[in-house]
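Below is one structure, written out as structure tokens; comments come after it.
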Amino acid sequence: MAVELEGRLEEVVDHGADTRSLFLGLPVALDFRPGQFISCQLPVGGETLIRPYSIASSPEEPRRLELLLNLVPGGPGSHYLFGLPRGAPLRFSGPWGTFVLERAPAAETVFIADGTGIAPIRPMLRRALATATGRPLHLLAAAKSPERVLYRAELEAHKHPLFSWDHVASDALEEQVTRRWVERDADRSRRFFICGVGAIVPTLRDLLRRAGYERRAVQYEKW
Amino acid sequence: MAKLRVQFESGEPERVIDFDPARAPFQHDGRPGSILDVLLAHGIHLEHACGGNCACTTCHVVVKKGMERLSASEDAEDDLLDKAPGLTPTSRLGCQAVIEDPDAEIVVWIPKYTINQISGHGS
């Protein structure tokens, strides 16, 4: 059940000029599932803007949420959040969303994260690693360059024998997904979790489903 | 003018909205001319936790009349409705179902759970 809460901005970590993590301290624990988002209520220009942000941290830290966001040119919501001083209140409702992973699927699982689309994937991946069933887990992280993969150090620190990850340029995602999981073999038992911003997400969804993967085997969230 | 009748499981009185679909968007959340767009612009609150971006099911409504006069649903909406509580054959997401026909008369029913999903609301 979702609740309404007021968190406080405790910490800001910049990942680059226009990408930042906000850490919110909560007065009570928030019970959420890996992959869910909160719905922020932003007082901008005399009205309340509703802006959803995936929770990039894990349910094991229920009183401190990490939100990952890009500064959107001309976007009033992200500009408000980028201007928020430490200690400022932030009102939200949540958790929301059905793009979730509560335990590792009993099948090879592929996570595809484009840019800040790694936000919900990160807690999903952590949970999948903690509940791994012996099936491979792979993350394909898309970014402009390998150095710009978000949470790169954390990904490199995951030494789980079933886990692997690599980088691909965002504009090569479609080609890479086709090559690796459509053309390379006839195995259609894999599970996919895809998150990103814009048309690439439904493009990959349709590509995989048309290739024979079951509809429910291809989960996605498009922001 | 198109007509949108809004009925509430909660027992609130029915609301009737007359509007010109050609003037959409009426506010900034949901697809322009969508049920969510029309409702919010006329002071009727419909939850839309994802901001009307087709990423949750909180704006789920049941269409009682005029289903064929709404824009067709796309895969993203169908995939989400698949997970919506209380799904019916005429369920739609308010943020995605667009009323384009100026002569359409649509009747939608707003389930209690669409309004009262936040703990403590409505209690």
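Every chain in the structure tokens takes a letter, A first, then B, and so on in the order presented; its residues are numbered from 1, and the ligands are numbered from 1 following the presented order.
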Using only C-alpha atoms, select each residue of chain B with any atom at most 9 Å away from an atom of chain A, and give the selection as an NGL selection string.
-> :B and (29 or 48-58 or 75-76 or 79-80 or 83-84 or 117-120)
Might you pull out every residue within 12 Å of Val13 of chain A, with only C-alpha atoms counted and same-chain residues fewer than 2 positions away left off, and present them as a list in words?
-> Leu9, Glu10, Glu11, His15, Gly16, Ala17, Asp18, Thr19, Arg20, Ser21, Leu22, Phe23, Leu24, Glu66, Leu67, Leu68, Leu69, Phe82, Arg86, Leu150 and Tyr151 of chain A
Enumerate, as a PyMOL selection string, the complete set of residues in segment 7-219 of chain A that a backbone-based DSSP assignment places in strand (DSSP E or B).
-> chain A and resi 7-16+19-25+37-44+47-55+64-70+89-96+109-114+137-143+163-169+191-196+218-219
The distance between atom CA of Gly75 of chain A and atom CA of Gly35 of chain A is 23.7 Å
Do a neighbour search on segment 41-44 of chain B at 6 Å with only C-alpha atoms, toss out local chain neighbours closer than 2 positions, and write the hits as an NGL selection string.
-> :B and (26-27 or 38-39)
Can I get the selected residues back with N, CA and C atoms, as a PDB file, in the first residue's frame?
```
ATOM      1  N   PHE B  26      -5.731  19.999 -22.171  1.00  0.00           N
ATOM      2  CA  PHE B  26      -6.426  20.891 -21.243  1.00  0.00           C
ATOM      3  C   PHE B  26      -5.570  21.185 -20.013  1.00  0.00           C
ATOM      4  N   GLN B  27      -4.580  20.369 -19.772  1.00  0.00           N
ATOM      5  CA  GLN B  27      -3.570  20.600 -18.727  1.00  0.00           C
ATOM      6  C   GLN B  27      -2.329  19.812 -19.153  1.00  0.00           C
ATOM      7  N   VAL B  38      -8.893  15.388 -19.416  1.00  0.00           N
ATOM      8  CA  VAL B  38     -10.199  16.047 -19.297  1.00  0.00           C
ATOM      9  C   VAL B  38     -10.632  16.122 -17.828  1.00  0.00           C
ATOM     10  N   LEU B  39     -10.460  15.032 -17.104  1.00  0.00           N
ATOM     11  CA  LEU B  39     -10.905  15.021 -15.698  1.00  0.00           C
ATOM     12  C   LEU B  39     -10.142  16.053 -14.863  1.00  0.00           C
TER      13      LEU B  39
END
```
Any idea what the distance is between atom CA of His28 of chain B and atom CA of Lys112 of chain B?
->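 Here the two named atoms are 24.3 Å from each other.
For Pro34 of chain A, the set of protein, DNA and RNA residues having any atom at most 7 Å away, when counting only C-alpha atoms and skipping those fewer than 3 positions along the same chain, is Ser58, Pro59, Val100, Leu101, Glu102, Pro120, Pro123 and Met124 of chain A.
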